[in-house]
file data-v3.cif (mmCIF, C-alpha atoms)
data_coords
#
loop_
_atom_site.label_atom_id
_atom_site.label_comp_id
_atom_site.auth_asym_id
_atom_site.auth_seq_id
_atom_site.Cartn_x
_atom_site.Cartn_y
_atom_site.Cartn_z
CA MET A 1299 -116.27 -20.76 46.08
CA GLN A 1300 -113.15 -19.00 44.78
CA GLY A 1301 -113.71 -15.59 43.23
CA TRP A 1302 -112.08 -14.74 39.87
CA PRO A 1303 -109.63 -11.82 39.98
CA SER A 1304 -110.86 -8.46 38.67
CA TYR A 1305 -107.86 -6.56 37.28
CA ASP A 1306 -109.85 -3.37 36.82
CA ARG A 1307 -109.36 -2.84 40.57
CA ALA A 1308 -105.57 -3.33 40.45
CA PRO A 1309 -103.54 -0.59 42.20
CA PRO A 1310 -101.10 1.56 40.18
CA LEU A 1311 -97.85 -0.17 39.29
CA SER A 1312 -95.93 2.28 41.49
CA LEU A 1313 -97.36 0.64 44.63
CA PRO A 1314 -96.29 -3.05 44.36
CA LEU A 1315 -93.27 -2.61 42.05
CA PRO A 1316 -90.77 -1.08 44.56
CA PHE A 1317 -91.37 -3.94 46.99
CA LEU A 1318 -90.82 -6.56 44.29
CA LEU A 1319 -87.62 -4.91 43.05
CA ALA A 1320 -86.22 -4.51 46.59
CA SER A 1321 -86.50 -8.25 47.27
CA PRO A 1322 -83.42 -9.45 45.29
CA CYS A 1323 -81.34 -6.60 46.76
CA TRP A 1324 -81.90 -7.97 50.26
CA LEU A 1325 -81.21 -11.50 49.02
CA PHE A 1326 -77.74 -10.32 47.99
CA ILE A 1327 -77.14 -8.82 51.45
CA ALA A 1328 -78.37 -12.04 53.08
CA GLY A 1329 -75.79 -13.91 51.02
CA LEU A 1330 -73.08 -11.59 52.34
CA CYS A 1331 -74.19 -12.38 55.90
CA LEU A 1332 -74.00 -16.13 55.22
CA MET A 1333 -70.34 -15.66 54.32
CA LEU A 1334 -69.76 -14.56 57.92
CA ALA A 1335 -71.10 -17.82 59.40
CA GLY A 1336 -68.66 -19.64 61.65
CA PRO A 1337 -67.18 -23.06 60.85
CA GLY A 1338 -68.94 -26.31 61.67
CA GLN A 1339 -72.65 -26.99 62.04
CA LEU A 1340 -74.66 -23.81 61.81
CA ASP A 1341 -76.05 -22.53 65.09
CA ARG A 1342 -79.41 -20.77 64.75
CA PHE A 1343 -78.27 -18.24 67.39
CA ASP A 1344 -75.08 -17.40 65.49
CA PRO A 1345 -75.19 -13.62 64.83
CA ALA A 1346 -74.59 -14.11 61.10
CA ALA A 1347 -77.30 -16.78 60.94
CA LEU A 1348 -79.76 -14.56 62.80
CA ALA A 1349 -79.00 -11.63 60.51
CA ALA A 1350 -79.32 -13.75 57.36
CA ALA A 1351 -82.55 -15.35 58.58
CA HIS A 1352 -84.19 -12.00 59.27
CA LEU A 1353 -82.92 -10.54 56.01
CA LEU A 1354 -84.57 -13.47 54.25
CA ALA A 1355 -87.77 -13.22 56.27
CA LEU A 1356 -88.20 -9.44 56.19
CA GLY A 1357 -86.10 -8.16 53.31
CA VAL A 1358 -86.58 -10.89 50.72
CA LEU A 1359 -89.87 -12.56 51.61
CA GLY A 1360 -91.34 -9.53 53.38
CA ASN A 1361 -90.92 -7.23 50.39
CA ALA A 1362 -92.13 -9.81 47.90
CA MET A 1363 -95.11 -10.75 50.07
CA PHE A 1364 -96.03 -7.10 50.63
CA GLY A 1365 -95.96 -6.42 46.89
CA ALA A 1366 -97.93 -9.54 45.97
CA ALA A 1367 -100.41 -9.14 48.84
CA LEU A 1368 -101.18 -5.52 47.93
CA GLN A 1369 -102.01 -6.64 44.40
CA ILE A 1370 -104.13 -9.59 45.55
CA LEU A 1371 -105.96 -7.54 48.16
CA ALA A 1372 -107.12 -5.27 45.33
CA VAL A 1373 -107.92 -7.72 42.54
CA VAL A 1374 -109.30 -10.61 44.63
CA ALA A 1375 -110.62 -9.04 47.84
CA GLY A 1376 -111.66 -5.75 46.24
CA VAL A 1377 -109.71 -3.58 48.70
CA SER A 1378 -109.44 0.00 47.42
CA PHE A 1379 -106.34 2.22 47.60
CA SER A 1380 -107.44 5.84 47.88
CA ARG A 1381 -103.91 7.20 48.48
CA PRO A 1382 -101.44 4.63 47.08
CA ARG A 1383 -98.41 6.95 47.14
CA LEU A 1384 -98.89 7.72 50.85
CA LEU A 1385 -99.33 4.01 51.60
CA LEU A 1386 -96.15 3.20 49.67
CA HIS A 1387 -94.03 5.65 51.65
CA ALA A 1388 -95.64 4.64 54.96
CA LEU A 1389 -94.71 0.99 54.36
CA PHE A 1390 -91.69 0.84 52.08
CA TRP A 1391 -89.09 2.99 53.81
CA PRO A 1392 -89.73 1.82 57.40
CA LEU A 1393 -89.50 -1.78 56.18
CA GLN A 1394 -86.18 -1.22 54.41
CA LEU A 1395 -84.59 0.85 57.18
CA GLY A 1396 -85.83 -1.47 59.92
CA CYS A 1397 -84.55 -4.53 58.11
CA GLY A 1398 -81.08 -3.08 57.71
CA LEU A 1399 -80.91 -1.89 61.33
CA LEU A 1400 -82.07 -5.27 62.65
CA ALA A 1401 -79.39 -7.16 60.74
CA ALA A 1402 -76.77 -4.68 61.96
CA ALA A 1403 -78.01 -5.12 65.54
CA PHE A 1404 -77.58 -8.90 65.36
CA LEU A 1405 -74.09 -8.58 63.88
CA ASN A 1406 -73.12 -6.19 66.70
CA GLY A 1407 -74.22 -8.27 69.67
CA PHE A 1408 -77.87 -7.13 69.92
CA LEU A 1409 -76.76 -3.53 70.29
CA PRO A 1410 -79.76 -1.68 71.83
CA ALA A 1411 -78.98 1.51 69.87
CA LEU A 1412 -79.71 -0.47 66.70
CA LEU A 1413 -82.16 -3.10 67.95
CA LEU A 1414 -84.77 -0.75 69.43
CA PRO A 1415 -85.04 1.62 66.43
CA ALA A 1416 -85.24 -1.45 64.18
CA ALA A 1417 -88.11 -2.85 66.24
CA ALA A 1418 -89.93 0.50 66.09
CA LEU A 1419 -89.58 0.84 62.30
CA LEU A 1420 -90.45 -2.77 61.55
CA GLY A 1421 -93.30 -2.74 64.04
CA TRP A 1422 -94.74 0.31 62.31
CA ALA A 1423 -94.46 -1.22 58.81
CA LEU A 1424 -95.84 -4.63 59.76
CA LEU A 1425 -98.65 -3.38 61.99
CA VAL A 1426 -99.77 -0.70 59.52
CA PHE A 1427 -99.74 -3.19 56.64
CA ALA A 1428 -101.65 -5.83 58.60
CA GLY A 1429 -104.12 -3.29 59.94
CA PHE A 1430 -104.72 -1.80 56.49
CA GLY A 1431 -105.29 -5.23 54.98
CA LEU A 1432 -107.64 -6.41 57.72
CA HIS A 1433 -109.61 -3.16 57.60
CA GLY A 1434 -109.97 -3.46 53.84
CA ILE A 1435 -111.05 -7.09 54.00
CA ALA A 1436 -113.61 -6.29 56.71
CA LYS A 1437 -115.20 -3.70 54.42
CA SER A 1438 -115.03 -5.94 51.34
CA PRO A 1439 -117.95 -8.21 50.35
CA ALA A 1440 -115.48 -10.87 49.11
CA ARG A 1441 -115.52 -14.05 51.19
CA ASP A 1442 -113.64 -16.49 48.97
CA ALA A 1443 -110.91 -18.83 50.19
CA THR A 1444 -108.05 -16.47 49.31
CA THR A 1445 -109.66 -13.50 51.07
CA ARG A 1446 -110.41 -15.50 54.23
CA GLY A 1447 -106.91 -16.99 54.18
CA MET A 1448 -105.31 -13.58 53.80
CA ALA A 1449 -107.30 -12.26 56.76
CA SER A 1450 -106.00 -15.17 58.84
CA ALA A 1451 -102.41 -14.59 57.67
CA LEU A 1452 -102.61 -10.86 58.40
CA ALA A 1453 -103.90 -11.58 61.90
CA ALA A 1454 -100.89 -13.89 62.39
CA LEU A 1455 -98.62 -11.09 61.14
CA LEU A 1456 -100.07 -8.80 63.82
CA ALA A 1457 -99.23 -11.42 66.45
CA ALA A 1458 -95.72 -12.04 65.07
CA ALA A 1459 -94.98 -8.29 64.92
CA GLY A 1460 -96.23 -7.68 68.46
CA LEU A 1461 -94.18 -10.59 69.79
CA GLY A 1462 -91.13 -9.35 67.88
CA ILE A 1463 -91.46 -5.90 69.45
CA ALA A 1464 -91.79 -7.46 72.91
CA LEU A 1465 -88.76 -9.66 72.23
CA ALA A 1466 -86.69 -6.65 71.17
CA GLY A 1467 -87.74 -4.88 74.35
CA ALA A 1468 -86.72 -7.86 76.47
CA LEU A 1469 -83.31 -8.16 74.80
CA GLY A 1470 -82.55 -4.49 74.18
CA ALA A 1471 -84.29 -2.65 77.01
CA ALA A 1472 -84.36 -5.29 79.78
CA TRP A 1473 -88.15 -5.55 79.80
CA PRO A 1474 -89.07 -8.21 82.42
CA LEU A 1475 -90.45 -10.68 79.88
CA PRO A 1476 -89.67 -14.40 79.22
CA TRP A 1477 -87.62 -13.98 76.04
CA LYS A 1478 -87.43 -17.73 75.28
CA THR A 1479 -91.22 -18.09 75.31
CA LEU A 1480 -91.58 -14.94 73.23
CA LEU A 1481 -89.05 -16.31 70.74
CA ASP A 1482 -90.94 -19.60 70.33
CA TRP A 1483 -94.28 -17.88 69.72
CA HIS A 1484 -92.71 -15.25 67.46
CA ALA A 1485 -91.20 -17.95 65.23
CA LEU A 1486 -94.45 -19.94 65.26
CA TRP A 1487 -96.66 -17.08 64.07
CA ALA A 1488 -94.08 -15.60 61.69
CA LEU A 1489 -93.13 -18.84 59.93
CA GLY A 1490 -96.36 -20.76 60.33
CA GLY A 1491 -99.10 -18.19 60.62
CA TRP A 1492 -97.82 -15.46 58.30
CA LEU A 1493 -95.50 -17.16 55.78
CA LEU A 1494 -97.21 -20.51 55.35
CA GLY A 1495 -100.64 -19.00 56.03
CA LEU A 1496 -100.19 -16.51 53.19
CA VAL A 1497 -98.83 -19.23 50.89
CA MET A 1498 -101.94 -21.29 51.58
CA ALA A 1499 -104.21 -18.32 50.89
CA VAL A 1500 -102.49 -17.24 47.69
CA ALA A 1501 -102.21 -20.81 46.41
CA ALA A 1502 -105.99 -21.05 46.20
CA THR A 1503 -105.89 -18.46 43.41
CA VAL A 1504 -102.48 -18.58 41.76
CA VAL A 1505 -101.97 -22.36 41.50
CA PRO A 1506 -105.10 -22.99 39.40
CA MET A 1507 -104.62 -19.72 37.48
CA PHE A 1508 -100.90 -19.88 36.61
CA GLN A 1509 -100.32 -23.65 36.53
CA ILE A 1510 -103.74 -24.46 35.00
CA THR A 1511 -104.63 -27.08 37.60
CA PRO A 1512 -107.91 -28.19 39.14
CA THR A 1513 -108.98 -26.22 42.20
CA TYR A 1514 -108.23 -27.33 45.75
CA PRO A 1515 -110.85 -29.60 47.38
CA ALA A 1516 -114.00 -27.69 48.32
CA ARG A 1517 -113.81 -28.73 51.97
CA TRP A 1518 -110.26 -27.40 52.28
CA MET A 1519 -111.24 -24.15 50.55
CA ARG A 1520 -114.10 -23.63 53.00
CA HIS A 1521 -112.27 -24.39 56.23
CA ALA A 1522 -108.50 -23.86 55.71
CA ALA A 1523 -108.59 -20.29 57.02
CA MET A 1524 -109.87 -21.63 60.37
CA ILE A 1525 -108.15 -25.04 60.45
CA TRP A 1526 -104.60 -23.75 59.99
CA PRO A 1527 -104.44 -21.04 62.72
CA ALA A 1528 -106.40 -23.28 65.10
CA SER A 1529 -103.86 -26.08 64.50
CA LEU A 1530 -100.97 -23.70 65.13
CA LEU A 1531 -102.50 -22.40 68.33
CA ALA A 1532 -103.28 -25.89 69.62
CA SER A 1533 -99.76 -27.12 68.85
CA GLY A 1534 -98.10 -24.06 70.37
CA LEU A 1535 -100.09 -24.31 73.58
CA GLY A 1536 -99.52 -28.05 73.75
CA TRP A 1537 -95.76 -27.59 73.37
CA GLN A 1538 -95.64 -24.92 76.07
CA LEU A 1539 -97.61 -27.11 78.49
CA THR A 1540 -96.12 -30.54 77.82
CA ALA A 1541 -92.88 -30.04 75.82
CA SER A 1542 -93.85 -33.23 73.96
CA TRP A 1543 -93.35 -33.67 70.23
CA LEU A 1544 -96.89 -35.03 70.06
CA ALA A 1545 -98.16 -31.50 70.62
CA TRP A 1546 -97.06 -30.58 67.09
CA LEU A 1547 -99.21 -33.22 65.39
CA PRO A 1548 -102.18 -30.90 64.60
CA ALA A 1549 -100.00 -28.32 62.86
CA TRP A 1550 -97.84 -30.91 61.10
CA MET A 1551 -100.86 -32.82 59.81
CA ALA A 1552 -102.51 -29.66 58.45
CA ALA A 1553 -99.30 -28.44 56.79
CA LEU A 1554 -98.53 -31.84 55.27
CA ALA A 1555 -102.11 -32.10 53.99
CA PHE A 1556 -101.64 -28.77 52.18
CA ALA A 1557 -98.29 -29.87 50.74
CA ALA A 1558 -99.76 -33.17 49.52
CA MET A 1559 -102.79 -31.46 47.93
CA THR A 1560 -100.59 -28.89 46.19
CA TRP A 1561 -98.20 -31.55 44.93
CA ARG A 1562 -101.10 -33.59 43.56
CA LEU A 1563 -102.58 -30.56 41.80
CA GLN A 1564 -99.19 -29.73 40.28
CA ARG A 1565 -98.99 -33.24 38.85
CA ARG A 1566 -102.38 -32.67 37.16
CA SER A 1567 -101.34 -29.37 35.62
CA ARG A 1568 -102.22 -28.78 31.98
CA ARG A 1569 -98.91 -26.95 31.65
CA PRO A 1570 -96.47 -29.72 32.64
CA GLY A 1571 -93.51 -27.89 31.11
CA ASP A 1572 -94.11 -24.68 33.05
CA CYS A 1573 -91.07 -23.77 35.16
CA GLY A 1574 -93.16 -22.12 37.87
CA ARG A 1575 -94.66 -25.52 38.58
CA ARG A 1576 -91.19 -26.84 39.46
CA PHE A 1577 -90.66 -24.03 41.96
CA TRP A 1578 -93.91 -24.93 43.72
CA GLN A 1579 -93.06 -28.63 43.76
CA MET A 1580 -89.64 -27.93 45.29
CA ALA A 1581 -91.24 -25.62 47.84
CA MET A 1582 -93.71 -28.32 48.90
CA ALA A 1583 -90.90 -30.88 49.16
CA ALA A 1584 -88.90 -28.42 51.30
CA LEU A 1585 -91.97 -27.89 53.51
CA ALA A 1586 -92.35 -31.63 54.08
CA LEU A 1587 -88.63 -32.18 54.75
CA GLY A 1588 -88.44 -29.13 57.01
CA LEU A 1589 -91.36 -30.41 59.08
CA LEU A 1590 -89.73 -33.85 59.29
CA ALA A 1591 -86.46 -32.35 60.54
CA ALA A 1592 -88.32 -30.22 63.10
CA TRP A 1593 -90.26 -33.27 64.32
CA LEU A 1594 -87.06 -35.31 64.73
CA VAL A 1595 -85.46 -32.49 66.72
CA ALA A 1596 -88.57 -32.10 68.92
CA ALA A 1597 -88.61 -35.86 69.54
CA ASP A 1598 -84.89 -35.78 70.51
CA LEU A 1599 -84.07 -38.10 67.64
CA LEU A 1600 -81.75 -35.49 66.15
CA ALA A 1601 -79.46 -33.00 67.88
CA ALA A 1602 -80.76 -29.50 68.39
CA GLY A 1603 -78.24 -28.27 65.81
CA TRP A 1604 -80.41 -29.78 63.10
CA ALA A 1605 -82.99 -27.07 63.82
CA ALA A 1606 -80.94 -24.84 61.52
CA LEU A 1607 -81.59 -27.28 58.65
CA SER A 1608 -85.32 -27.17 59.35
CA GLY A 1609 -85.23 -23.38 59.41
CA TRP A 1610 -83.37 -23.20 56.08
CA LEU A 1611 -85.79 -25.59 54.41
CA LEU A 1612 -88.83 -23.67 55.64
CA LEU A 1613 -87.51 -20.14 55.20
CA PHE A 1614 -85.52 -20.50 52.00
CA GLY A 1615 -86.88 -23.73 50.50
CA LEU A 1616 -90.56 -23.00 51.07
CA GLY A 1617 -90.51 -19.21 51.26
CA ALA A 1618 -88.03 -18.31 48.52
CA GLY A 1619 -89.22 -21.20 46.37
CA VAL A 1620 -92.80 -19.95 46.27
CA VAL A 1621 -91.75 -16.29 46.02
CA LEU A 1622 -89.41 -16.90 43.06
CA GLY A 1623 -91.96 -19.13 41.36
CA MET A 1624 -94.49 -16.28 41.58
CA PHE A 1625 -91.99 -13.45 40.97
CA TYR A 1626 -91.33 -14.54 37.40
CA LYS A 1627 -95.09 -14.64 36.75
CA ILE A 1628 -96.32 -11.62 38.68
CA LEU A 1629 -93.64 -9.08 37.67
CA PRO A 1630 -94.11 -9.37 33.88
CA PHE A 1631 -97.87 -9.58 34.34
CA LEU A 1632 -97.95 -6.32 36.34
CA LEU A 1633 -95.79 -4.62 33.71
CA TRP A 1634 -98.02 -5.93 30.92
CA LEU A 1635 -101.16 -4.82 32.77
CA ASP A 1636 -99.79 -1.30 33.17
CA LEU A 1637 -98.81 -1.15 29.48
CA GLN A 1638 -102.29 -2.31 28.53
CA ARG A 1639 -103.75 0.61 30.49
CA LYS A 1640 -101.39 3.09 28.83
CA ALA A 1641 -101.62 1.69 25.30
CA PRO A 1642 -102.72 4.26 22.67
CA PRO A 1643 -105.61 3.30 20.37
CA GLY A 1644 -104.56 0.51 18.03
CA ALA A 1645 -101.40 -0.38 20.00
CA ARG A 1646 -100.84 -3.67 21.77
CA PRO A 1647 -98.39 -4.26 24.60
CA PRO A 1648 -95.78 -7.02 24.25
CA ALA A 1649 -96.67 -10.40 25.73
CA THR A 1650 -95.52 -11.25 29.24
CA LEU A 1651 -93.01 -13.77 27.85
CA ALA A 1652 -91.52 -11.00 25.73
CA LEU A 1653 -90.99 -8.95 28.89
CA LEU A 1654 -89.51 -11.85 30.88
CA PRO A 1655 -88.90 -15.05 28.88
CA GLU A 1656 -89.35 -18.57 30.21
CA SER A 1657 -85.63 -19.25 29.76
CA ALA A 1658 -84.88 -16.70 32.51
CA GLN A 1659 -87.02 -18.61 34.99
CA ARG A 1660 -85.36 -21.89 34.04
CA ARG A 1661 -81.95 -20.40 34.81
CA CYS A 1662 -83.27 -19.12 38.12
CA LEU A 1663 -84.64 -22.57 39.01
CA PHE A 1664 -81.23 -24.15 38.42
CA VAL A 1665 -79.40 -21.59 40.59
CA PHE A 1666 -82.09 -21.72 43.28
CA SER A 1667 -81.78 -25.53 43.47
CA ALA A 1668 -78.03 -25.22 43.92
CA CYS A 1669 -78.45 -22.58 46.64
CA LEU A 1670 -81.00 -24.71 48.46
CA ALA A 1671 -78.60 -27.66 48.49
CA MET A 1672 -75.64 -25.51 49.57
CA GLY A 1673 -77.69 -23.97 52.39
CA CYS A 1674 -78.61 -27.44 53.65
CA ALA A 1675 -74.93 -28.44 53.57
CA LEU A 1676 -74.00 -25.24 55.43
CA ALA A 1677 -76.63 -25.90 58.12
CA LEU A 1678 -75.15 -29.36 58.70
CA GLY A 1679 -71.56 -28.09 58.75
CA ARG A 1680 -70.67 -29.80 55.46
CA LEU A 1681 -69.94 -26.59 53.56
CA PRO A 1682 -68.32 -23.31 54.56
CA GLY A 1683 -70.49 -20.25 54.77
CA THR A 1684 -68.47 -18.57 52.02
CA ALA A 1685 -69.65 -21.05 49.38
CA ALA A 1686 -73.33 -20.84 50.37
CA GLY A 1687 -73.09 -17.05 50.59
CA VAL A 1688 -71.54 -16.75 47.13
CA GLY A 1689 -74.28 -18.98 45.71
CA THR A 1690 -76.99 -16.86 47.33
CA CYS A 1691 -75.41 -13.66 46.01
CA ALA A 1692 -75.28 -15.20 42.52
CA LEU A 1693 -78.99 -16.05 42.77
CA ALA A 1694 -79.79 -12.49 43.86
CA ALA A 1695 -77.75 -11.02 41.01
CA LEU A 1696 -79.55 -13.25 38.50
CA VAL A 1697 -83.02 -12.30 39.77
CA ALA A 1698 -82.10 -8.60 39.84
CA TRP A 1699 -80.75 -8.81 36.28
CA ASP A 1700 -83.91 -10.52 35.01
CA ALA A 1701 -86.15 -8.01 36.80
CA GLY A 1702 -84.10 -5.09 35.49
CA ARG A 1703 -84.33 -6.39 31.92
CA ALA A 1704 -88.10 -6.77 32.23
CA VAL A 1705 -88.47 -3.20 33.53
CA TRP A 1706 -86.16 -1.93 30.77
CA ARG A 1707 -88.33 -3.60 28.10
CA TYR A 1708 -91.44 -2.15 29.74
CA ARG A 1709 -90.01 1.36 29.73
CA ALA A 1710 -88.72 1.01 26.16
CA CYS A 1711 -92.22 0.11 24.98
CA ALA A 1712 -93.82 3.03 26.87
CA ARG A 1713 -91.16 5.43 25.57
CA ASN A 1714 -91.70 4.25 21.99
CA TRP A 1715 -95.42 4.94 22.31
CA ARG A 1716 -94.77 8.43 23.62
CA GLU A 1717 -92.34 9.23 20.82
CA THR A 1718 -94.64 7.96 18.08
CA GLN A 1719 -97.54 9.91 19.57
CA ALA A 1720 -95.41 13.07 19.73
CA ALA A 1721 -94.45 12.57 16.08
CA GLY A 1722 -98.10 12.29 15.12
CA VAL A 1723 -97.73 8.72 13.83
CA MET A 1724 -100.05 7.32 16.50
CA PRO A 1725 -103.27 8.97 17.80
#
call {"tool": "encode", "arguments": {"input": "data-v3.cif", "output": "structure tokens"}}
result
Amino acid sequence: MQGWPSYDRAPPLSLPLPFLLASPCWLFIAGLCLMLAGPGQLDRFDPAALAAAHLLALGVLGNAMFGAALQILAVVAGVSFSRPRLLLHALFWPLQLGCGLLAAAFLNGFLPALLLPAAALLGWALLVFAGFGLHGIAKSPARDATTRGMASALAALLAAAGLGIALAGALGAAWPLPWKTLLDWHALWALGGWLLGLVMAVAATVVPMFQITPTYPARWMRHAAMIWPASLLASGLGWQLTASWLAWLPAWMAALAFAAMTWRLQRRSRRPGDCGRRFWQMAMAALALGLLAAWLVAADLLAAGWAALSGWLLLFGLGAGVVLGMFYKILPFLLWLDLQRKAPPGARPPATLALLPESAQRRCLFVFSACLAMGCALALGRLPGTAAGVGTCALAALVAWDAGRAVWRYRACARNWRETQAAGVMP
């Protein structure tokens, strides 16, 4: 069974909003880093590529996923926030500072003076967030598919954060640890366990709710939270022991099954013209193509340089595709929900489409599609980093503009209510 969200339990707007608004800012900085990429086929160990990848993973996706997850933990899992302002400051600033220091460390040759503080700040933010979420879920009576999936994703985040800290120690403080093995497991749990795991969990609620589709199959809803991490663990262990591409079959089959189910549900949507549906379809296509590229590299059918293409498809195509598809739904909804709480008697807040119109999301979809294609061309050495970076910066500027306009309309409505109340026109 999938529980229906209860918005009476939603946290104050001041908790998720800063994370959502920070996301396009980091996307712009990631675009600047892409401009620094060297000529030819993109190397995943290129300092600019490493900086851009972590800016995408932590700055763009991390902020957006934190903001969305905090909201979903409250309205779906029933997690309470007794001190939201303290939680905001404990998570937001370490995440932003750590993200910036980590990118600077990569661009300066893994400089320990930057790398180690970055690992400490990011470790704090990620571990506190995961621990808070898991503690709240453990105390909650909710046991629906989204809640179970979020618990699984948060556990993967704990693993990814711990491995990242160990990796920073090995590279920046000469800890006697196998950095290559740590890197493989860090990428596995960050990309697969946390990113895709959270997408799977959230999809159980937001795909039927926002795209008006049937629900996912009951068997998948019951067992996905166990099947996906078990598949990742089996594939990771198999790869470490055998180095055979066959070891990845459990994880690939589970991920492709999710992509196929989501694609099929999107085709049965009762809102076929909804732009958010297109974002999800592109994200599922990027997931399938990214897995195919990774499989061909693991099977030595493609050169190792193609791993950068797989990473771009999974990180930007899947991650940013889902995040942007949800951003244009969640942001105006959160603003509308807060206005509804503040509305004086007899007043009605503007509709979500008045706060952020559908035309804005259609423009974003067009620019996102172009950026996805340019990033693929950059990964294969068919396009200079400058072009892909400029496209990414343009996408960030567009998202920031749309978000700023939505917040401006929200504040204008709240200010108008205050002024009319002060004038005695409204009770």
call {"tool": "residues_around", "arguments": {"input": "data-v3.cif", "residues": "Leu1496 in chain A", "least_positions_apart": "6", "cutoff": "7 Å", "atoms": "only C-alpha atoms", "output": "list in words"}}
result
Gly1447, Met1448 and Ala1451 of chain A
call {"tool": "closest_residue", "arguments": {"input": "data-v3.cif", "among": "A:Ser1667, A:Ser1542, A:Thr1718, A:Ser1321", "to": "Gln1579 in chain A", "atoms": "all atoms listed in the file"}}
result
A:Ser1667
call {"tool": "closest_residue", "arguments": {"input": "data-v3.cif", "among": "A:Cys1669, A:Leu1461, A:Leu1535, A:Ala1701", "to": "Leu1332 in chain A", "atoms": "all atoms listed in the file"}}
result
A:Cys1669
call {"tool": "resolve_selection", "arguments": {"input": "data-v3.cif", "expression": "the PyMOL selection byres ((chain A and resi 1405) around 9)", "output": "VMD selection string"}}
result
chain A and resid 1331 1345 to 1346 1348 to 1349 1400 to 1404 1406 to 1409
call {"tool": "closest_residue", "arguments": {"input": "data-v3.cif", "among": "A:Cys1662, A:Ala1375, A:Leu1670, A:Gly1329", "to": "Thr1445 in chain A", "atoms": "only C-alpha atoms"}}
result
A:Ala1375
call {"tool": "resolve_selection", "arguments": {"input": "data-v3.cif", "expression": "the PyMOL selection byres ((chain A and resi 1443) around 10)", "output": "PDB file with C-alpha atoms, in the frame of the given file"}}
result
ATOM      1  CA  MET A1299    -116.270 -20.760  46.080  1.00  0.00           C
ATOM      2  CA  GLN A1300    -113.150 -19.000  44.780  1.00  0.00           C
ATOM      3  CA  GLY A1301    -113.710 -15.590  43.230  1.00  0.00           C
ATOM      4  CA  ALA A1440    -115.480 -10.870  49.110  1.00  0.00           C
ATOM      5  CA  ARG A1441    -115.520 -14.050  51.190  1.00  0.00           C
ATOM      6  CA  ASP A1442    -113.640 -16.490  48.970  1.00  0.00           C
ATOM      7  CA  THR A1444    -108.050 -16.470  49.310  1.00  0.00           C
ATOM      8  CA  THR A1445    -109.660 -13.500  51.070  1.00  0.00           C
ATOM      9  CA  ARG A1446    -110.410 -15.500  54.230  1.00  0.00           C
ATOM     10  CA  GLY A1447    -106.910 -16.990  54.180  1.00  0.00           C
ATOM     11  CA  MET A1448    -105.310 -13.580  53.800  1.00  0.00           C
ATOM     12  CA  ALA A1449    -107.300 -12.260  56.760  1.00  0.00           C
ATOM     13  CA  MET A1498    -101.940 -21.290  51.580  1.00  0.00           C
ATOM     14  CA  ALA A1499    -104.210 -18.320  50.890  1.00  0.00           C
ATOM     15  CA  VAL A1500    -102.490 -17.240  47.690  1.00  0.00           C
ATOM     16  CA  ALA A1501    -102.210 -20.810  46.410  1.00  0.00           C
ATOM     17  CA  ALA A1502    -105.990 -21.050  46.200  1.00  0.00           C
ATOM     18  CA  THR A1503    -105.890 -18.460  43.410  1.00  0.00           C
ATOM     19  CA  TYR A1514    -108.230 -27.330  45.750  1.00  0.00           C
ATOM     20  CA  ALA A1516    -114.000 -27.690  48.320  1.00  0.00           C
ATOM     21  CA  TRP A1518    -110.260 -27.400  52.280  1.00  0.00           C
ATOM     22  CA  MET A1519    -111.240 -24.150  50.550  1.00  0.00           C
ATOM     23  CA  ARG A1520    -114.100 -23.630  53.000  1.00  0.00           C
ATOM     24  CA  HIS A1521    -112.270 -24.390  56.230  1.00  0.00           C
ATOM     25  CA  ALA A1522    -108.500 -23.860  55.710  1.00  0.00           C
ATOM     26  CA  ALA A1523    -108.590 -20.290  57.020  1.00  0.00           C
TER      27      ALA A1523
END
call {"tool": "closest_residue", "arguments": {"input": "data-v3.cif", "among": "A:Leu1629, A:Leu1425, A:Ala1641, A:Ala1471", "to": "Val1697 in chain A", "atoms": "only C-alpha atoms"}}
result
A:Leu1629
call {"tool": "residues_around", "arguments": {"input": "data-v3.cif", "residues": "range 1391-1393 of chain A", "least_positions_apart": "6", "cutoff": "9 Å", "atoms": "all atoms listed in the file", "output": "number ranges by chain"}}
result
A: 1356-1357, 1360-1361, 1416, 1418-1424
call {"tool": "atom_distance", "arguments": {"input": "data-v3.cif", "atom1": "CA of Pro1548 in chain A", "atom2": "CA of Ser1529 in chain A"}}
result
5.1 Å
call {"tool": "resolve_selection", "arguments": {"input": "data-v3.cif", "expression": "the PyMOL selection byres ((chain A and resi 1681) around 12)", "output": "compact mmCIF listing (two decimals) with C-alpha atoms, in the frame of the given file"}}
result
# COMPACT_ATOMS: atom_id res chain seq x y z
CA LEU A 1332 -74.00 -16.13 55.22
CA MET A 1333 -70.34 -15.66 54.32
CA ALA A 1335 -71.10 -17.82 59.40
CA GLY A 1336 -68.66 -19.64 61.65
CA PRO A 1337 -67.18 -23.06 60.85
CA GLY A 1338 -68.94 -26.31 61.67
CA GLN A 1339 -72.65 -26.99 62.04
CA LEU A 1340 -74.66 -23.81 61.81
CA CYS A 1669 -78.45 -22.58 46.64
CA ALA A 1671 -78.60 -27.66 48.49
CA MET A 1672 -75.64 -25.51 49.57
CA GLY A 1673 -77.69 -23.97 52.39
CA CYS A 1674 -78.61 -27.44 53.65
CA ALA A 1675 -74.93 -28.44 53.57
CA LEU A 1676 -74.00 -25.24 55.43
CA ALA A 1677 -76.63 -25.90 58.12
CA LEU A 1678 -75.15 -29.36 58.70
CA GLY A 1679 -71.56 -28.09 58.75
CA ARG A 1680 -70.67 -29.80 55.46
CA PRO A 1682 -68.32 -23.31 54.56
CA GLY A 1683 -70.49 -20.25 54.77
CA THR A 1684 -68.47 -18.57 52.02
CA ALA A 1685 -69.65 -21.05 49.38
CA ALA A 1686 -73.33 -20.84 50.37
CA GLY A 1687 -73.09 -17.05 50.59
CA VAL A 1688 -71.54 -16.75 47.13
CA GLY A 1689 -74.28 -18.98 45.71
